[in-house]
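Structure file work.cif; described as mmCIF, C-alpha atoms.
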```cif
data_entry
#
loop_
_atom_site.group_PDB
_atom_site.id
_atom_site.type_symbol
_atom_site.label_atom_id
_atom_site.label_comp_id
_atom_site.auth_asym_id
_atom_site.auth_seq_id
_atom_site.Cartn_x
_atom_site.Cartn_y
_atom_site.Cartn_z
ATOM 1 C CA MET A 126 84.200 11.320 122.721
ATOM 2 C CA GLU A 127 84.126 7.527 122.890
ATOM 3 C CA SER A 128 83.046 7.556 126.538
ATOM 4 C CA LEU A 129 79.946 9.521 125.564
ATOM 5 C CA GLN A 130 78.825 6.932 123.097
ATOM 6 C CA THR A 131 79.520 3.596 124.735
ATOM 7 C CA PHE A 132 76.599 2.450 126.848
ATOM 8 C CA HIS A 133 77.490 -0.553 128.997
ATOM 9 C CA THR A 134 74.002 -1.883 129.646
ATOM 10 C CA SER A 135 71.832 -4.862 128.848
ATOM 11 C CA LEU A 136 69.299 -2.593 127.115
ATOM 12 C CA SER A 137 69.570 -2.132 123.362
ATOM 13 C CA TRP A 138 70.132 1.406 122.109
ATOM 14 C CA ILE A 139 66.559 1.819 120.868
ATOM 15 C CA ASP A 140 65.273 0.620 124.254
ATOM 16 C CA GLN A 141 67.495 3.154 126.010
ATOM 17 C CA LEU A 142 66.116 5.892 123.794
ATOM 18 C CA LYS A 143 62.543 4.820 124.523
ATOM 19 C CA ALA A 144 63.238 4.619 128.272
ATOM 20 C CA SER A 145 64.877 8.045 128.465
ATOM 21 C CA LYS A 146 63.004 11.124 129.664
ATOM 22 C CA LYS A 147 62.258 13.158 126.546
ATOM 23 C CA THR A 148 61.147 16.748 126.062
ATOM 24 C CA ALA A 149 60.279 18.062 122.605
ATOM 25 C CA MET A 150 59.470 21.351 120.917
ATOM 26 C CA ILE A 151 58.933 22.742 117.439
ATOM 27 C CA SER A 152 60.858 25.891 116.522
ATOM 28 C CA ASP A 153 62.191 27.479 113.310
ATOM 29 C CA GLY A 154 61.117 24.506 111.219
ATOM 30 C CA LYS A 155 62.976 22.087 113.466
ATOM 31 C CA ARG A 156 61.906 19.316 115.818
ATOM 32 C CA LYS A 157 64.105 19.698 118.904
ATOM 33 C CA VAL A 158 64.342 16.822 121.360
ATOM 34 C CA HIS A 159 66.151 16.628 124.699
ATOM 35 C CA TYR A 160 66.904 13.192 126.190
ATOM 36 C CA LEU A 161 67.835 12.502 129.803
ATOM 37 C CA PHE A 162 69.155 8.983 130.437
ATOM 38 C CA GLY A 163 69.057 7.114 133.723
ATOM 39 C CA ASP A 164 72.812 7.504 134.279
ATOM 40 C CA GLY A 165 72.609 11.295 133.977
ATOM 41 C CA LYS A 166 73.849 11.588 130.380
ATOM 42 C CA GLU A 167 72.007 14.108 128.232
ATOM 43 C CA MET A 168 71.525 14.151 124.473
ATOM 44 C CA ALA A 169 69.959 16.913 122.383
ATOM 45 C CA GLU A 170 68.889 16.474 118.756
ATOM 46 C CA GLU A 171 67.397 18.687 116.063
ATOM 47 C CA TYR A 172 65.540 17.369 113.007
ATOM 48 C CA ASP A 173 64.333 19.145 109.890
ATOM 49 C CA MET A 174 60.528 19.118 110.060
ATOM 50 C CA LYS A 175 60.092 18.702 106.296
ATOM 51 C CA THR A 176 62.609 15.932 105.652
ATOM 52 C CA ASP A 177 63.075 14.396 109.152
ATOM 53 C CA GLU A 178 66.842 14.625 108.552
ATOM 54 C CA LEU A 179 69.069 14.938 111.610
ATOM 55 C CA ILE A 180 70.646 18.412 111.751
ATOM 56 C CA LEU A 181 72.315 18.353 115.153
ATOM 57 C CA ARG A 182 73.180 15.845 117.881
ATOM 58 C CA LYS A 183 75.152 16.766 120.969
ATOM 59 C CA TRP A 184 75.975 15.137 124.303
ATOM 60 C CA ARG A 185 76.612 16.278 127.857
ATOM 61 C CA LEU A 186 77.911 14.323 130.836
ATOM 62 C CA LYS A 187 77.748 15.178 134.498
ATOM 63 C CA THR A 188 81.044 16.314 136.000
ATOM 64 C CA THR A 189 82.712 14.407 138.843
ATOM 65 C CA LEU A 190 81.203 16.957 141.242
ATOM 66 C CA GLY A 191 77.716 16.350 139.883
ATOM 67 C CA GLY A 192 77.467 19.522 137.812
ATOM 68 C CA HIS A 193 76.904 19.890 134.086
ATOM 69 C CA GLY A 194 79.821 19.495 131.708
ATOM 70 C CA ALA A 195 80.149 21.215 128.336
ATOM 71 C CA TRP A 196 78.090 20.049 125.359
ATOM 72 C CA GLN A 197 80.038 18.029 122.780
ATOM 73 C CA VAL A 198 78.710 17.974 119.222
ATOM 74 C CA GLU A 199 78.513 14.586 117.494
ATOM 75 C CA VAL A 200 76.560 15.624 114.373
ATOM 76 C CA GLY A 201 76.294 19.130 112.906
ATOM 77 C CA ASP A 202 78.260 22.344 113.113
ATOM 78 C CA PRO A 203 79.896 22.987 116.502
ATOM 79 C CA GLN A 204 78.139 25.868 118.221
ATOM 80 C CA PRO A 205 80.613 28.418 119.619
ATOM 81 C CA SER A 206 79.824 30.222 122.824
ATOM 82 C CA PRO A 207 79.411 34.025 122.590
ATOM 83 C CA ILE A 208 82.843 34.504 124.161
ATOM 84 C CA GLN A 209 84.539 32.135 121.733
ATOM 85 C CA GLY A 210 82.544 33.236 118.694
ATOM 86 C CA GLU A 211 85.002 35.783 117.362
ATOM 87 C CA GLN A 212 87.963 33.430 117.732
ATOM 88 C CA ASP A 213 86.038 30.580 116.064
ATOM 89 C CA THR A 214 85.060 32.805 113.151
ATOM 90 C CA ILE A 215 88.712 33.647 112.581
ATOM 91 C CA ARG A 216 89.634 29.974 112.835
ATOM 92 C CA GLU A 217 86.871 28.934 110.398
ATOM 93 C CA SER A 218 88.058 31.420 107.790
ATOM 94 C CA SER A 219 91.680 30.322 108.041
ATOM 95 C CA SER A 220 93.288 27.664 105.867
ATOM 96 C CA ASN A 221 93.123 25.004 108.590
ATOM 97 C CA PRO A 222 91.031 21.910 107.725
ATOM 98 C CA VAL A 223 87.643 21.795 109.468
ATOM 99 C CA PHE A 224 86.209 18.316 110.215
ATOM 100 C CA LEU A 225 82.498 17.921 110.929
ATOM 101 C CA ARG A 226 79.697 15.433 110.462
ATOM 102 C CA LYS A 227 76.501 16.093 108.489
ATOM 103 C CA ASP A 228 74.368 13.026 107.784
ATOM 104 C CA THR A 229 71.877 12.296 105.027
ATOM 105 C CA LYS A 230 68.860 9.989 105.241
ATOM 106 C CA SER A 231 70.843 7.112 103.701
ATOM 107 C CA SER A 232 74.424 7.751 104.870
ATOM 108 C CA PHE A 233 76.564 8.909 107.749
ATOM 109 C CA GLN A 234 78.608 11.721 106.223
ATOM 110 C CA TRP A 235 81.678 13.723 107.204
ATOM 111 C CA ARG A 236 83.048 16.844 105.550
ATOM 112 C CA VAL A 237 86.590 18.140 105.767
ATOM 113 C CA ARG A 238 86.693 21.731 104.569
ATOM 114 C CA ASN A 239 89.804 23.598 103.396
ATOM 115 C CA LEU A 240 91.441 20.606 101.716
ATOM 116 C CA PRO A 241 92.560 21.859 98.278
ATOM 117 C CA TYR A 242 94.349 18.699 97.125
ATOM 118 C CA PRO A 243 93.027 16.593 94.210
ATOM 119 C CA LYS A 244 90.968 13.451 94.895
ATOM 120 C CA GLU A 245 93.801 11.034 94.050
ATOM 121 C CA VAL A 246 95.832 12.349 97.013
ATOM 122 C CA TYR A 247 93.386 10.923 99.565
ATOM 123 C CA SER A 248 93.062 7.388 100.865
ATOM 124 C CA LEU A 249 90.495 5.990 103.251
ATOM 125 C CA THR A 250 90.812 2.860 105.356
ATOM 126 C CA VAL A 251 88.435 1.035 107.688
ATOM 127 C CA GLU A 252 90.009 -0.746 110.647
ATOM 128 C CA SER A 253 87.351 -3.213 111.784
ATOM 129 C CA VAL A 254 89.141 -4.431 114.925
ATOM 130 C CA GLU A 255 89.960 -0.942 116.226
ATOM 131 C CA ARG A 256 86.557 0.257 114.959
ATOM 132 C CA VAL A 257 87.985 3.418 113.408
ATOM 133 C CA CYS A 258 88.143 4.972 109.944
ATOM 134 C CA THR A 259 91.275 6.797 108.837
ATOM 135 C CA ILE A 260 91.789 9.532 106.251
ATOM 136 C CA ARG A 261 95.315 9.941 104.886
ATOM 137 C CA THR A 262 96.920 12.029 102.163
ATOM 138 C CA SER A 263 99.889 10.882 100.089
ATOM 139 C CA ASN A 264 101.476 14.325 100.528
ATOM 140 C CA LYS A 265 101.323 13.936 104.350
ATOM 141 C CA LYS A 266 99.285 17.135 104.682
ATOM 142 C CA TYR A 267 96.256 15.648 106.462
ATOM 143 C CA TYR A 268 95.599 12.682 108.750
ATOM 144 C CA LYS A 269 92.419 11.964 110.692
ATOM 145 C CA LYS A 270 91.006 9.017 112.620
ATOM 146 C CA PHE A 271 87.313 8.965 113.465
ATOM 147 C CA THR A 272 84.721 6.553 114.807
ATOM 148 C CA ILE A 273 81.076 5.906 113.924
ATOM 149 C CA PRO A 274 79.407 5.976 117.344
ATOM 150 C CA ASP A 275 76.009 4.968 115.897
ATOM 151 C CA LEU A 276 77.473 1.599 114.913
ATOM 152 C CA ASP A 277 79.205 1.249 118.289
ATOM 153 C CA ARG A 278 75.985 1.917 120.195
ATOM 154 C CA CYS A 279 74.178 -0.737 118.160
ATOM 155 C CA GLN A 280 77.171 -3.120 118.222
ATOM 156 C CA LEU A 281 77.241 -3.334 114.425
ATOM 157 C CA PRO A 282 80.396 -4.148 112.432
ATOM 158 C CA LEU A 283 82.353 -1.666 110.339
ATOM 159 C CA GLU A 284 82.127 -2.648 106.675
ATOM 160 C CA ASP A 285 84.862 -1.543 104.295
ATOM 161 C CA SER A 286 82.475 -1.799 101.336
ATOM 162 C CA ALA A 287 80.072 0.752 102.871
ATOM 163 C CA ILE A 288 82.485 3.694 102.829
ATOM 164 C CA SER A 289 83.284 6.022 99.927
ATOM 165 C CA TYR A 290 84.530 9.542 99.326
ATOM 166 C CA THR A 291 84.512 12.371 96.843
ATOM 167 C CA HIS A 292 86.155 15.791 96.620
ATOM 168 C CA ALA A 293 84.762 19.106 95.395
ATOM 169 C CA ASN A 294 85.164 22.812 96.194
ATOM 170 C CA ASN A 295 88.132 22.225 98.519
ATOM 171 C CA THR A 296 86.008 19.843 100.605
ATOM 172 C CA LEU A 297 86.514 16.112 101.119
ATOM 173 C CA ILE A 298 83.176 14.332 101.603
ATOM 174 C CA VAL A 299 83.248 10.881 103.217
ATOM 175 C CA SER A 300 80.070 8.782 103.195
ATOM 176 C CA TYR A 301 79.243 5.536 104.988
ATOM 177 C CA LYS A 302 76.081 3.800 103.799
ATOM 178 C CA LYS A 303 73.797 3.186 106.764
ATOM 179 C CA PRO A 304 73.104 -0.518 107.365
ATOM 180 C CA LYS A 305 69.495 -1.662 107.339
ATOM 181 C CA GLU A 306 69.548 -2.012 111.152
ATOM 182 C CA ILE A 307 70.314 1.703 111.515
ATOM 183 C CA LEU A 308 67.667 2.704 108.973
ATOM 184 C CA SER A 309 65.065 0.631 110.843
ATOM 185 C CA LEU A 310 66.105 2.113 114.192
ATOM 186 C CA GLU A 311 65.897 5.674 112.854
ATOM 187 C CA GLN A 312 62.430 5.041 111.415
ATOM 188 C CA GLU A 313 61.244 3.551 114.692
ATOM 189 C CA LEU A 314 62.700 6.441 116.690
ATOM 190 C CA MET A 315 61.096 9.064 114.448
ATOM 191 C CA LYS A 316 57.698 7.420 114.989
ATOM 192 C CA GLU A 317 58.281 7.727 118.747
ATOM 193 C CA LEU A 318 59.397 11.358 118.494
ATOM 194 C CA LYS A 319 56.349 12.340 116.453
ATOM 195 C CA LYS A 320 54.152 11.049 119.298
ATOM 196 C CA LEU A 321 55.709 13.526 121.727
ATOM 197 C CA LYS A 322 53.669 16.604 122.544
ATOM 198 C CA GLY A 323 56.064 19.440 121.802
ATOM 199 C CA SER A 324 55.726 23.100 122.671
ATOM 200 C CA ASN A 325 55.892 25.658 119.874
ATOM 201 C CA GLU A 326 57.921 28.319 121.615
ATOM 202 C CA GLY A 327 61.013 28.699 123.744
ATOM 203 C CA ASP A 328 63.554 25.930 123.644
ATOM 204 C CA ILE A 329 63.597 22.277 124.578
ATOM 205 C CA ASP A 330 64.983 23.034 127.977
ATOM 206 C CA CYS A 331 67.034 25.909 129.288
ATOM 207 C CA LYS A 332 69.722 23.343 130.186
ATOM 208 C CA THR A 333 70.447 22.698 126.510
ATOM 209 C CA GLN A 334 71.671 26.210 125.891
#
```

Exercise: express the given structure as structure tokens:
Amino acid sequence: MESLQTFHTSLSWIDQLKASKKTAMISDGKRKVHYLFGDGKEMAEEYDMKTDELILRKWRLKTTLGGHGAWQVEVGDPQPSPIQGEQDTIRESSSNPVFLRKDTKSSFQWRVRNLPYPKEVYSLTVESVERVCTIRTSNKKYYKKFTIPDLDRCQLPLEDSAISYTHANNTLIVSYKKPKEILSLEQELMKELKKLKGSNEGDIDCKTQ
């Protein structure tokens, strides 16, 4: 996923967002926005209309032949295709851990479902040079490295003091407090998105399905 989130350009991330071609719509209580960047990358987001919280963010790159690749979810529940749906349902209900990201207004947040071990089993480290966070368990039952692409896009440092975790209902919840630069960017972006004239029916674009 790293290649989807690293933008080698002189423009800041907020400037890239403003410069992208955006299409918006309102549907099912959600603000849905499709972004098309100059290099052909696509991003689709969904926000809760009442709280402005981000529900979904996914990316798509062009293939080497110029076609459309598969969507890759960065924030929110992965959306299975109709063909894969039955298999994914079986997989979700199994005992395998399920890792996904669901943010709040103040924090980036990841959830790992199906982890029954007590809180003291887990440890969390931030590797600032490699720019990754790592979840480990003392019983060697779970290991996961993950990045925070929002910080990478804005070239912000990883801060060990910003990360925390808790455990409840067989779910490990990892939170990273958003730095003030991210909060400011999100507020500025939401102001821009609310200026867009969105349709009230259909979807953002048939390409996002």

Residues in the PyMOL selection byres ((chain A and resi 142-144) around 9), expressed as a ChimeraX atom specification: /A:137-141,145-147,160,162-163,314,317

Between CA of Lys303 in chain A and CA of Ser232 in chain A - distance in Å to one decimal: 5.0 Å

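Taking CA of Leu249 in chain A and CA of Gln234 in chain A as the two end points, the separation is 13.5 Å.
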
Output of the PyMOL selection byres ((chain A and resi 181) around 12), listed as number ranges by chain: A: 155-159, 168-173, 177-180, 182-184, 196-204, 225-229

Chain and number of each residue from the PyMOL selection byres ((chain A and resi 288-302) around 7), as a ChimeraX atom specification: /A:231-241,244,285-287,303-304

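Put simply, CA of Cys258 in chain A is 5.6 Å away from CA of Lys270 in chain A.
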
Spatial neighbours of Gly323 in chain A, 8 Å, all atoms listed in the file, chain gap at least 3 places, as a list in words: Thr148, Ala149, Met150 and Ile151 of chain A

Dump C-alpha atoms for the selected residues as a short mmCIF file (atom, residue, chain, number, x, y, z; two decimals), in the coordinates of the input?
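Dumped everything to out.cif:
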```cif
data_model
loop_
_atom_site.label_atom_id
_atom_site.label_comp_id
_atom_site.auth_asym_id
_atom_site.auth_seq_id
_atom_site.Cartn_x
_atom_site.Cartn_y
_atom_site.Cartn_z
CA THR A 148 61.15 16.75 126.06
CA ALA A 149 60.28 18.06 122.60
CA MET A 150 59.47 21.35 120.92
CA ILE A 151 58.93 22.74 117.44
#
```
